[in-house]
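Participant: Right, I'll just put the structure down here and ask away after.
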Amino acid sequence: MDASHPQPPAFALRSRRVVTPRGVRAAAVVVRGGKIADIVEPEAVPAVPAVLAVEDVGDRVLFPGLVDSHVHVNEPGRTLWEGFETATRAAAAGGVTAIVDMPLNSAPVTTTLAAFETKREAAGGKLWVDAGFLGGVIPGNAGDLRPLAEAGVLGFKCFLVHSGIHEFPQTTEPDLNVAMPVLAKLGLPLLAHAELDGARAPGKGAAACAGAAIDHRRYATYLASRPRRWEEDAVGSLAALCGRTGCRTHVVHLSAADALPAIAAARRARLPFTVETCPHYLALAAEEVSDGDTRFKCAPPIREAENRERLWSGLRDGTIDFVVSDHSPCPPELKHLQTGNFQTAWGGISSLQFGLSIVWTEARRRSHTLEQLATWMCAGPARFIGLEGRKGSIEVGCDADLVVFDPDAQELLYISVDRPMPGGAGLRPAQRGPEGRAPRSLEVRICAVIFARALSRRAAARLRFSTVRLRDNCSSFRRPCAPARKGRATELAENTERPVVNFGVFRGDFFVVGFRARA
């Protein structure tokens, strides 16, 4: 932090449920200079200097700030869809204290050093939480990988299928045979959209659903157009490439549980092979998606309930490493709600600020614990992007990215399709969905969040666990080229004290979500 910026005040948060790597316990977390300075027994807090502000949150859970390593911010170029200001506000509102931005759907896409510098400049002064960036692997840009790595990207993303935008073409196996050895030497991971298009095998996949007689309003048609086999084939191909090149390889947004045995086999072979899944695959099911309701289109698609339960089994046994959002918003008109055409609608789920609530709700139903939740949504993504020991854990020396929430509270979220009101005034009763249908609703455990990197007692008293407040500078993550030098940060943006309404609705999000407040 620059010396011209005052150090944030020291304070302590005390809770009967502090989620640490060694379990959940009663403790007080002492914060100085934006870092966790100590974790002491609750009664030991009065022994620290009298000037230390202490906030007792009682039975509310004190949780590590979430790390979301899969966010499509879309700025520059498609800021109407989303931008750093709105995306990072949404992140803070949902307890996500660090994000990693994908190399698309911004324009230009982040496949050159010049494009990366353009993106970092676009983010300046707009961050509400810490942010890192990925570069892209596309055909012909192998020479750009080292300059991007030296400039600070955390990894590189590729698509094995059409990405949805022409500026970011898919990679083939020959492309990856060139790029992955470079990444192996740089010590940076390849993140792959793992679908192999069935159109390469005539009569399968998308090619089979292209005829004029096909009803593209039916969700079953869309689901059949991207079958589970696409993901199985892609995972097998990536594991083979990983074994040949030694490149760290990561499968993003796994939706097909049929690919889990191949992932487990790669682990048994001791390959550096990891995988993530997303809240929408863990909470939703194909049987619940109505025909014509293109709000639920994403790629890979939301699959059947039995597949969802096998994904949960993969999380439980460690085959799936962690959970991130794949937050991918777009303007409502791109969802083609009037026609309900799943083939032409934009694919993406906008859920950055709701992941903690949704995943905890579903995890609790399956008897999973807060410690497991912290592994899946905090420590796991932090370790993956090289920030273990700084992010994703309540430990001495880590950034004081802390979340306070009530794991027992429950509200009803309504998903509607109207644009938000200016200034984020979008909290309102449910409205009718396409063709007059009632909107989709989710009973979730709402997590009232505080981002507590530098929270004074006076501020905490005002917040009453219903707003988020940031009182510290945010930084971008720069991953140096040498693998041994991990997770250095440089100051990127200056954020002064600004409140954010929890679960507000921000420009650019497709899902406008309201909740029924308790009396």
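Simple scheme: letters A, B, ... for chains in structure tokens order, numbers from 1 for residues in each chain, numbers from 1 for ligands in the order shown.
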Please report, as a Markdown table, each residue of region 24-141 of chain A lying at most 7 Å from region 314-331 of chain A, together with the nearest pair of atoms and the separation in Å rounded to one decimal; use only C-alpha atoms, and order rows by chain and ascending residue number.
Facilitator:
```
| residue | atom | partner | partner_atom | distance |
| --- | --- | --- | --- | --- |
| A:Asp68 | CA | A:Val324 | CA | 5.2 |
| A:Ser69 | CA | A:Val324 | CA | 6.4 |
| A:His70 | CA | A:Asp326 | CA | 4.9 |
| A:Val71 | CA | A:His327 | CA | 4.9 |
| A:His72 | CA | A:Ser328 | CA | 5.2 |
| A:Trp81 | CA | A:Cys330 | CA | 4.6 |
| A:Glu82 | CA | A:Pro329 | CA | 6.6 |
```
Participant: Could you save the residues just selected, with C-alpha atoms, as a CSV table (one decimal), in the first residue's frame?
Facilitator:
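Dumped to result18.csv:
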```csv
chain,number,residue,atom,x,y,z
A,68,ASP,CA,-14.2,-16.6,-7.5
A,69,SER,CA,-11.7,-17.5,-10.2
A,70,HIS,CA,-14.2,-17.6,-13.1
A,71,VAL,CA,-15.9,-14.2,-13.8
A,72,HIS,CA,-16.8,-12.6,-17.1
A,81,TRP,CA,-23.4,-6.3,-20.3
A,82,GLU,CA,-21.2,-5.8,-17.2
```
Participant: Which residues of region 248-323 of chain A come within 9 Å of region 234-241 of chain A, and for each one, what is the closest pair of atoms and their distance in Å to one decimal, counting only C-alpha atoms, sorted by chain and residue number, as JSON lines?
Facilitator:
```
{"residue": "A:Thr249", "atom": "CA", "partner": "A:Leu238", "partner_atom": "CA", "distance": 7.3}
{"residue": "A:His250", "atom": "CA", "partner": "A:Leu238", "partner_atom": "CA", "distance": 8.7}
{"residue": "A:Val251", "atom": "CA", "partner": "A:Val235", "partner_atom": "CA", "distance": 7.5}
{"residue": "A:Ala259", "atom": "CA", "partner": "A:Val235", "partner_atom": "CA", "distance": 6.8}
{"residue": "A:Ala262", "atom": "CA", "partner": "A:Gly236", "partner_atom": "CA", "distance": 6.5}
{"residue": "A:Ile263", "atom": "CA", "partner": "A:Val235", "partner_atom": "CA", "distance": 7.2}
{"residue": "A:Ala266", "atom": "CA", "partner": "A:Ala239", "partner_atom": "CA", "distance": 6.3}
{"residue": "A:Leu271", "atom": "CA", "partner": "A:Ala239", "partner_atom": "CA", "distance": 7.8}
{"residue": "A:Phe273", "atom": "CA", "partner": "A:Ala239", "partner_atom": "CA", "distance": 7.2}
```
Participant: Selected residues, N, CA and C atoms, written as a CSV table (one decimal), in the first residue's frame, please.
Facilitator:
```csv
chain,number,residue,atom,x,y,z
A,249,THR,N,-3.4,-28.3,-16.0
A,249,THR,CA,-4.6,-28.3,-16.8
A,249,THR,C,-5.8,-28.3,-15.9
A,250,HIS,N,-6.7,-27.4,-16.2
A,250,HIS,CA,-7.9,-27.2,-15.4
A,250,HIS,C,-9.2,-27.2,-16.3
A,251,VAL,N,-10.1,-28.0,-15.9
A,251,VAL,CA,-11.4,-28.0,-16.6
A,251,VAL,C,-12.4,-27.0,-15.9
A,259,ALA,N,-18.0,-37.5,-16.8
A,259,ALA,CA,-16.6,-37.2,-16.9
A,259,ALA,C,-15.8,-37.5,-15.7
A,262,ALA,N,-12.9,-40.2,-15.6
A,262,ALA,CA,-11.7,-39.8,-16.3
A,262,ALA,C,-10.9,-38.8,-15.5
A,263,ILE,N,-11.6,-38.0,-14.8
A,263,ILE,CA,-10.8,-37.0,-14.0
A,263,ILE,C,-10.1,-37.7,-12.8
A,266,ALA,N,-7.0,-39.4,-14.1
A,266,ALA,CA,-5.9,-38.5,-14.2
A,266,ALA,C,-5.3,-38.2,-12.9
A,271,LEU,N,-1.3,-36.6,-12.5
A,271,LEU,CA,-1.2,-35.5,-13.4
A,271,LEU,C,-1.7,-34.2,-12.7
A,273,PHE,N,-4.0,-32.0,-12.8
A,273,PHE,CA,-5.2,-31.9,-13.5
A,273,PHE,C,-6.3,-31.6,-12.4
```
Participant: Please list as a ChimeraX atom specification every residue within 7 Å of region 84-91 of chain A, counting only C-alpha atoms and excluding residues in the same chain fewer than 4 positions away.
Facilitator: /A:73,75,95-97,123,126-129,352-353,500,506-507
Participant: What does the file look like for those residues with N, CA, C and O atoms, as a compact mmCIF listing (two decimals), in the first residue's frame?
Facilitator:
```txt
# COMPACT_ATOMS: atom_id res chain seq x y z
N VAL A 73 -16.28 -10.28 -16.73
CA VAL A 73 -16.61 -8.89 -16.43
C VAL A 73 -17.01 -8.13 -17.69
O VAL A 73 -17.83 -7.22 -17.64
N GLU A 75 -15.58 -5.93 -19.57
CA GLU A 75 -15.05 -4.59 -19.82
C GLU A 75 -13.57 -4.69 -20.16
O GLU A 75 -12.85 -5.47 -19.50
N GLY A 95 -20.18 -11.51 -0.70
CA GLY A 95 -19.11 -12.08 0.09
C GLY A 95 -17.92 -12.55 -0.70
O GLY A 95 -17.03 -13.20 -0.17
N VAL A 96 -17.88 -12.23 -2.00
CA VAL A 96 -16.73 -12.58 -2.84
C VAL A 96 -15.74 -11.43 -2.75
O VAL A 96 -16.04 -10.31 -3.17
N THR A 97 -14.58 -11.67 -2.19
CA THR A 97 -13.62 -10.60 -1.95
C THR A 97 -12.48 -10.58 -2.94
O THR A 97 -11.61 -9.70 -2.87
N ALA A 123 -9.96 -1.12 -15.79
CA ALA A 123 -10.36 -1.46 -14.43
C ALA A 123 -9.94 -0.41 -13.41
O ALA A 123 -10.47 -0.40 -12.29
N LYS A 126 -12.12 1.39 -10.45
CA LYS A 126 -13.48 0.84 -10.47
C LYS A 126 -13.66 -0.39 -9.59
O LYS A 126 -14.76 -0.89 -9.48
N LEU A 127 -12.58 -0.87 -8.98
CA LEU A 127 -12.67 -2.12 -8.24
C LEU A 127 -13.21 -1.92 -6.83
O LEU A 127 -12.76 -1.03 -6.11
N TRP A 128 -14.15 -2.76 -6.44
CA TRP A 128 -14.65 -2.80 -5.07
C TRP A 128 -14.08 -3.99 -4.31
O TRP A 128 -14.19 -4.07 -3.10
N VAL A 129 -13.53 -4.96 -5.02
CA VAL A 129 -12.83 -6.09 -4.42
C VAL A 129 -11.56 -6.31 -5.22
O VAL A 129 -11.36 -5.72 -6.28
N LEU A 352 -23.06 -13.91 -9.68
CA LEU A 352 -21.87 -13.65 -8.88
C LEU A 352 -22.18 -13.39 -7.41
O LEU A 352 -21.49 -13.87 -6.53
N GLN A 353 -23.26 -12.65 -7.14
CA GLN A 353 -23.51 -12.25 -5.76
C GLN A 353 -24.34 -13.27 -4.98
O GLN A 353 -24.61 -13.06 -3.79
N VAL A 500 -22.29 -0.29 -0.03
CA VAL A 500 -22.97 -1.03 -1.09
C VAL A 500 -24.14 -1.76 -0.46
O VAL A 500 -23.98 -2.42 0.56
N PHE A 506 -27.52 -4.66 -10.05
CA PHE A 506 -26.57 -3.80 -10.69
C PHE A 506 -26.71 -3.85 -12.20
O PHE A 506 -27.03 -4.88 -12.78
N ARG A 507 -26.45 -2.74 -12.84
CA ARG A 507 -26.53 -2.64 -14.30
C ARG A 507 -25.69 -3.74 -14.94
O ARG A 507 -24.57 -3.99 -14.57
```
Participant: Which residues are close to Leu188 (chain A), i.e. within 7 Å by only C-alpha atoms, leaving aside same-chain residues fewer than 6 positions away? Reply as a PDB file with all heavy atoms, in the first residue's frame.
Facilitator:
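Resulting contents of part15.pdb:
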```pdb
ATOM      1  N   LEU A 154      -2.726 -14.650 -14.460  1.00  0.00           N
ATOM      2  CA  LEU A 154      -2.680 -15.769 -13.518  1.00  0.00           C
ATOM      3  C   LEU A 154      -2.774 -17.124 -14.203  1.00  0.00           C
ATOM      4  O   LEU A 154      -2.576 -18.162 -13.568  1.00  0.00           O
ATOM      5  CB  LEU A 154      -3.826 -15.643 -12.516  1.00  0.00           C
ATOM      6  CG  LEU A 154      -3.853 -14.355 -11.701  1.00  0.00           C
ATOM      7  CD1 LEU A 154      -5.128 -14.268 -10.890  1.00  0.00           C
ATOM      8  CD2 LEU A 154      -2.642 -14.272 -10.796  1.00  0.00           C
ATOM      9  N   GLY A 155      -3.122 -17.129 -15.476  1.00  0.00           N
ATOM     10  CA  GLY A 155      -3.299 -18.361 -16.224  1.00  0.00           C
ATOM     11  C   GLY A 155      -3.861 -18.025 -17.586  1.00  0.00           C
ATOM     12  O   GLY A 155      -4.010 -16.842 -17.945  1.00  0.00           O
ATOM     13  N   ARG A 248      -0.001 -27.735 -16.228  1.00  0.00           N
ATOM     14  CA  ARG A 248      -1.161 -27.718 -15.322  1.00  0.00           C
ATOM     15  C   ARG A 248      -2.409 -27.467 -16.143  1.00  0.00           C
ATOM     16  O   ARG A 248      -2.492 -26.501 -16.906  1.00  0.00           O
ATOM     17  CB  ARG A 248      -1.003 -26.622 -14.277  1.00  0.00           C
ATOM     18  CG  ARG A 248       0.024 -26.883 -13.203  1.00  0.00           C
ATOM     19  CD  ARG A 248       0.151 -25.665 -12.296  1.00  0.00           C
ATOM     20  NE  ARG A 248      -1.120 -25.287 -11.705  1.00  0.00           N
ATOM     21  CZ  ARG A 248      -1.381 -24.074 -11.190  1.00  0.00           C
ATOM     22  NH1 ARG A 248      -0.452 -23.128 -11.220  1.00  0.00           N
ATOM     23  NH2 ARG A 248      -2.555 -23.817 -10.667  1.00  0.00           N
TER      24      ARG A 248
END
```
Participant: Have a look at A:Ala37, A:Ala374, A:Arg228, A:Asp408 and name the one nearest to Phe63 (chain A); count only C-alpha atoms.
Facilitator: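 So, comparing all the options, the nearest one is A:Ala374.
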Participant: Which residues, written as JSON, numbers by chain, have at least one atom at most 6 Å from Thr171 (chain A), with only C-alpha atoms counted and residues fewer than 2 positions away on the same chain left out?
Facilitator: {"A": [138, 139, 159, 160, 175]}
Participant: Restricting the calculation to only C-alpha atoms: of A:Val30, A:Met180, A:Leu370, A:Ala12, which residue gets closest to Phe405 (chain A)?
Facilitator: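 Ranking A:Val30, A:Met180, A:Leu370, A:Ala12 by distance to Phe405 (chain A), first place goes to A:Leu370.
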Participant: Using DSSP on the backbone coordinates, identify all residues within region 52-298 of chain A classified as strand (DSSP E or B); present the result as an MDAnalysis selection string.
Facilitator: chainID A and resid 53:56 61:64 66:71 96:101 130:133 135:136 156:159 190:193 249:251 273:277
Participant: Using only C-alpha atoms, pick whichever of A:Arg295, A:Arg270, A:Arg120, A:Arg217 has the shortest atom-to-atom distance to Gly243 (chain A).
Facilitator: A:Arg270
Participant: Choose the residue, out of A:Gly143, A:Pro76, A:Pro279, A:Gly23, that has the smallest atom-to-atom separation from Trp376 (chain A); count only C-alpha atoms.
Facilitator: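 Among the listed residues, A:Pro279 lies closest to Trp376 (chain A).
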Participant: Rank A:Tyr219, A:Trp230, A:Phe116, A:Trp346 by their smallest atom-to-atom distance to Gly292 (chain A), using only C-alpha atoms, and report the top residue only.
Facilitator: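 Ranked by minimum distance to Gly292 (chain A), first place goes to A:Tyr219.
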Participant: For Thr339 (chain A), list every protein, DNA or RNA residue within 12 Å, evaluated using only C-alpha atoms, and leave out those in the same chain fewer than 3 positions away; present the list as a list in words.
Facilitator: Asp215, His216, Arg217, Arg218, Asp291, Gly292, Asp293, Thr294, Glu333, Leu334, Lys335, His336, Phe342, Gln343, Thr344, Ala345, Pro434 and Glu435 of chain A
Participant: For the residues in that selection, give me N, CA and C atoms as a PDB file, in the first residue's frame.
Facilitator:
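After the write, part28.pdb holds the following:
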```pdb
ATOM      1  N   ASP A 215     -37.615 -28.317 -32.805  1.00  0.00           N
ATOM      2  CA  ASP A 215     -38.260 -27.257 -32.024  1.00  0.00           C
ATOM      3  C   ASP A 215     -37.234 -26.704 -31.039  1.00  0.00           C
ATOM      4  N   HIS A 216     -36.713 -25.512 -31.351  1.00  0.00           N
ATOM      5  CA  HIS A 216     -35.668 -24.928 -30.523  1.00  0.00           C
ATOM      6  C   HIS A 216     -36.215 -24.210 -29.290  1.00  0.00           C
ATOM      7  N   ARG A 217     -37.529 -24.247 -29.089  1.00  0.00           N
ATOM      8  CA  ARG A 217     -38.091 -23.749 -27.827  1.00  0.00           C
ATOM      9  C   ARG A 217     -38.010 -24.806 -26.732  1.00  0.00           C
ATOM     10  N   ARG A 218     -37.858 -26.046 -27.113  1.00  0.00           N
ATOM     11  CA  ARG A 218     -37.824 -27.123 -26.124  1.00  0.00           C
ATOM     12  C   ARG A 218     -36.449 -27.179 -25.469  1.00  0.00           C
ATOM     13  N   ASP A 291     -39.881 -25.154 -21.189  1.00  0.00           N
ATOM     14  CA  ASP A 291     -39.636 -24.862 -22.595  1.00  0.00           C
ATOM     15  C   ASP A 291     -39.807 -23.368 -22.839  1.00  0.00           C
ATOM     16  N   GLY A 292     -38.893 -22.794 -23.612  1.00  0.00           N
ATOM     17  CA  GLY A 292     -38.956 -21.369 -23.936  1.00  0.00           C
ATOM     18  C   GLY A 292     -38.354 -20.459 -22.883  1.00  0.00           C
ATOM     19  N   ASP A 293     -37.940 -20.994 -21.720  1.00  0.00           N
ATOM     20  CA  ASP A 293     -37.400 -20.152 -20.652  1.00  0.00           C
ATOM     21  C   ASP A 293     -35.880 -20.083 -20.807  1.00  0.00           C
ATOM     22  N   THR A 294     -35.451 -19.229 -21.723  1.00  0.00           N
ATOM     23  CA  THR A 294     -34.041 -19.150 -22.098  1.00  0.00           C
ATOM     24  C   THR A 294     -33.176 -18.483 -21.039  1.00  0.00           C
ATOM     25  N   GLU A 333     -32.331  -8.607 -23.815  1.00  0.00           N
ATOM     26  CA  GLU A 333     -32.787  -8.880 -25.174  1.00  0.00           C
ATOM     27  C   GLU A 333     -31.991  -9.999 -25.839  1.00  0.00           C
ATOM     28  N   LEU A 334     -30.747 -10.214 -25.395  1.00  0.00           N
ATOM     29  CA  LEU A 334     -29.947 -11.278 -25.996  1.00  0.00           C
ATOM     30  C   LEU A 334     -30.387 -12.663 -25.539  1.00  0.00           C
ATOM     31  N   LYS A 335     -31.256 -12.735 -24.553  1.00  0.00           N
ATOM     32  CA  LYS A 335     -31.814 -14.021 -24.142  1.00  0.00           C
ATOM     33  C   LYS A 335     -33.008 -14.441 -25.005  1.00  0.00           C
ATOM     34  N   HIS A 336     -33.478 -13.559 -25.871  1.00  0.00           N
ATOM     35  CA  HIS A 336     -34.556 -13.884 -26.825  1.00  0.00           C
ATOM     36  C   HIS A 336     -35.770 -14.483 -26.102  1.00  0.00           C
ATOM     37  N   PHE A 342     -33.814 -21.445 -27.745  1.00  0.00           N
ATOM     38  CA  PHE A 342     -32.590 -21.802 -27.045  1.00  0.00           C
ATOM     39  C   PHE A 342     -31.378 -21.829 -27.967  1.00  0.00           C
ATOM     40  N   GLN A 343     -31.608 -22.010 -29.261  1.00  0.00           N
ATOM     41  CA  GLN A 343     -30.469 -22.053 -30.175  1.00  0.00           C
ATOM     42  C   GLN A 343     -29.850 -20.674 -30.353  1.00  0.00           C
ATOM     43  N   THR A 344     -30.668 -19.632 -30.433  1.00  0.00           N
ATOM     44  CA  THR A 344     -30.151 -18.294 -30.725  1.00  0.00           C
ATOM     45  C   THR A 344     -29.901 -17.461 -29.476  1.00  0.00           C
ATOM     46  N   ALA A 345     -30.456 -17.822 -28.340  1.00  0.00           N
ATOM     47  CA  ALA A 345     -30.290 -17.028 -27.108  1.00  0.00           C
ATOM     48  C   ALA A 345     -28.850 -17.092 -26.617  1.00  0.00           C
ATOM     49  N   PRO A 434     -41.764 -15.123 -18.730  1.00  0.00           N
ATOM     50  CA  PRO A 434     -42.192 -15.262 -20.114  1.00  0.00           C
ATOM     51  C   PRO A 434     -43.571 -15.904 -20.202  1.00  0.00           C
ATOM     52  N   GLU A 435     -44.410 -15.362 -21.095  1.00  0.00           N
ATOM     53  CA  GLU A 435     -45.754 -15.865 -21.345  1.00  0.00           C
ATOM     54  C   GLU A 435     -46.596 -15.910 -20.077  1.00  0.00           C
TER      55      GLU A 435
END
```
Participant: What is the distance, in Å and to one decimal place, between CA of Leu176 (chain A) and CA of Gly135 (chain A)?
Facilitator: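 These two atoms are separated by 14.5 Å.
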Participant: How many Å separate CA of Ala257 (chain A) from CA of Arg308 (chain A)?
Facilitator: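 Atom-to-atom, CA of Ala257 (chain A) and CA of Arg308 (chain A) are spaced 7.6 Å apart.
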Participant: Identify, with DSSP run on backbone atoms, the residues in region 73-162 of chain A assigned to alpha helix (DSSP H), and express the list as number ranges by chain.
Facilitator: A: 84-93, 113-123, 145-151
Participant: For the residues selected in the previous step, produce a file with N, CA, C and O atoms as a tab-separated table (two decimals), in the first residue's frame.
Facilitator:
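Dumped everything to again.tsv:
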```tsv
chain	number	residue	atom	x	y	z
A	84	PHE	N	-16.39	-3.50	-14.55
A	84	PHE	CA	-15.69	-3.71	-13.28
A	84	PHE	C	-16.42	-3.08	-12.11
A	84	PHE	O	-16.45	-3.62	-11.00
A	85	GLU	N	-17.03	-1.93	-12.32
A	85	GLU	CA	-17.77	-1.27	-11.24
A	85	GLU	C	-18.92	-2.14	-10.77
A	85	GLU	O	-19.08	-2.41	-9.58
A	86	THR	N	-19.74	-2.62	-11.70
A	86	THR	CA	-20.93	-3.37	-11.32
A	86	THR	C	-20.59	-4.79	-10.88
A	86	THR	O	-21.14	-5.31	-9.91
A	87	ALA	N	-19.65	-5.42	-11.58
A	87	ALA	CA	-19.31	-6.80	-11.22
A	87	ALA	C	-18.68	-6.88	-9.84
A	87	ALA	O	-19.02	-7.78	-9.05
A	88	THR	N	-17.77	-5.98	-9.53
A	88	THR	CA	-17.11	-6.07	-8.23
A	88	THR	C	-18.00	-5.59	-7.10
A	88	THR	O	-17.84	-6.02	-5.95
A	89	ARG	N	-18.97	-4.73	-7.38
A	89	ARG	CA	-19.97	-4.40	-6.37
A	89	ARG	C	-20.83	-5.62	-6.07
A	89	ARG	O	-21.13	-5.92	-4.91
A	90	ALA	N	-21.24	-6.32	-7.13
A	90	ALA	CA	-22.03	-7.54	-6.93
A	90	ALA	C	-21.22	-8.56	-6.15
A	90	ALA	O	-21.75	-9.24	-5.26
A	91	ALA	N	-19.92	-8.68	-6.46
A	91	ALA	CA	-19.07	-9.62	-5.73
A	91	ALA	C	-19.05	-9.28	-4.25
A	91	ALA	O	-19.26	-10.15	-3.39
A	92	ALA	N	-18.81	-8.01	-3.93
A	92	ALA	CA	-18.76	-7.60	-2.53
A	92	ALA	C	-20.09	-7.88	-1.83
A	92	ALA	O	-20.11	-8.30	-0.67
A	93	ALA	N	-21.19	-7.67	-2.52
A	93	ALA	CA	-22.50	-7.90	-1.93
A	93	ALA	C	-22.73	-9.37	-1.60
A	93	ALA	O	-23.53	-9.69	-0.72
A	113	LEU	N	-0.48	-8.65	-25.21
A	113	LEU	CA	-0.07	-7.75	-24.12
A	113	LEU	C	-0.78	-6.42	-24.23
A	113	LEU	O	-1.20	-5.85	-23.21
A	114	ALA	N	-0.94	-5.89	-25.44
A	114	ALA	CA	-1.62	-4.60	-25.61
A	114	ALA	C	-3.06	-4.67	-25.10
A	114	ALA	O	-3.55	-3.75	-24.44
A	115	ALA	N	-3.74	-5.78	-25.39
A	115	ALA	CA	-5.12	-5.93	-24.94
A	115	ALA	C	-5.18	-6.04	-23.42
A	115	ALA	O	-6.10	-5.49	-22.77
A	116	PHE	N	-4.20	-6.71	-22.82
A	116	PHE	CA	-4.16	-6.83	-21.36
A	116	PHE	C	-3.97	-5.47	-20.70
A	116	PHE	O	-4.63	-5.14	-19.72
A	117	GLU	N	-3.08	-4.66	-21.25
A	117	GLU	CA	-2.87	-3.33	-20.70
A	117	GLU	C	-4.13	-2.48	-20.84
A	117	GLU	O	-4.47	-1.69	-19.96
A	118	THR	N	-4.84	-2.65	-21.95
A	118	THR	CA	-6.10	-1.93	-22.14
A	118	THR	C	-7.11	-2.33	-21.07
A	118	THR	O	-7.82	-1.49	-20.50
A	119	LYS	N	-7.16	-3.63	-20.76
A	119	LYS	CA	-8.11	-4.09	-19.75
A	119	LYS	C	-7.75	-3.57	-18.37
A	119	LYS	O	-8.61	-3.12	-17.61
A	120	ARG	N	-6.47	-3.63	-18.01
A	120	ARG	CA	-6.07	-3.13	-16.69
A	120	ARG	C	-6.36	-1.64	-16.55
A	120	ARG	O	-6.78	-1.18	-15.49
A	121	GLU	N	-6.14	-0.90	-17.64
A	121	GLU	CA	-6.46	0.52	-17.60
A	121	GLU	C	-7.95	0.73	-17.42
A	121	GLU	O	-8.38	1.63	-16.68
A	122	ALA	N	-8.76	-0.10	-18.07
A	122	ALA	CA	-10.21	0.02	-17.94
A	122	ALA	C	-10.68	-0.26	-16.52
A	122	ALA	O	-11.68	0.31	-16.06
A	123	ALA	N	-9.96	-1.12	-15.79
A	123	ALA	CA	-10.36	-1.46	-14.43
A	123	ALA	C	-9.94	-0.41	-13.41
A	123	ALA	O	-10.47	-0.40	-12.29
A	145	LEU	N	2.17	-15.55	-25.23
A	145	LEU	CA	1.93	-16.13	-23.92
A	145	LEU	C	2.95	-15.66	-22.88
A	145	LEU	O	2.59	-15.27	-21.77
A	146	ARG	N	4.22	-15.68	-23.22
A	146	ARG	CA	5.23	-15.24	-22.27
A	146	ARG	C	5.08	-13.76	-21.91
A	146	ARG	O	5.13	-13.42	-20.72
A	147	PRO	N	4.91	-12.84	-22.88
A	147	PRO	CA	4.71	-11.44	-22.49
A	147	PRO	C	3.51	-11.25	-21.56
A	147	PRO	O	3.57	-10.46	-20.61
A	148	LEU	N	2.43	-11.97	-21.82
A	148	LEU	CA	1.27	-11.87	-20.93
A	148	LEU	C	1.59	-12.40	-19.54
A	148	LEU	O	1.21	-11.80	-18.53
A	149	ALA	N	2.32	-13.51	-19.48
A	149	ALA	CA	2.69	-14.07	-18.18
A	149	ALA	C	3.57	-13.11	-17.41
A	149	ALA	O	3.39	-12.89	-16.20
A	150	GLU	N	4.55	-12.52	-18.08
A	150	GLU	CA	5.45	-11.58	-17.41
A	150	GLU	C	4.73	-10.32	-16.97
A	150	GLU	O	5.15	-9.66	-16.01
A	151	ALA	N	3.63	-9.98	-17.64
A	151	ALA	CA	2.84	-8.80	-17.26
A	151	ALA	C	1.93	-9.09	-16.08
A	151	ALA	O	1.39	-8.15	-15.49
```
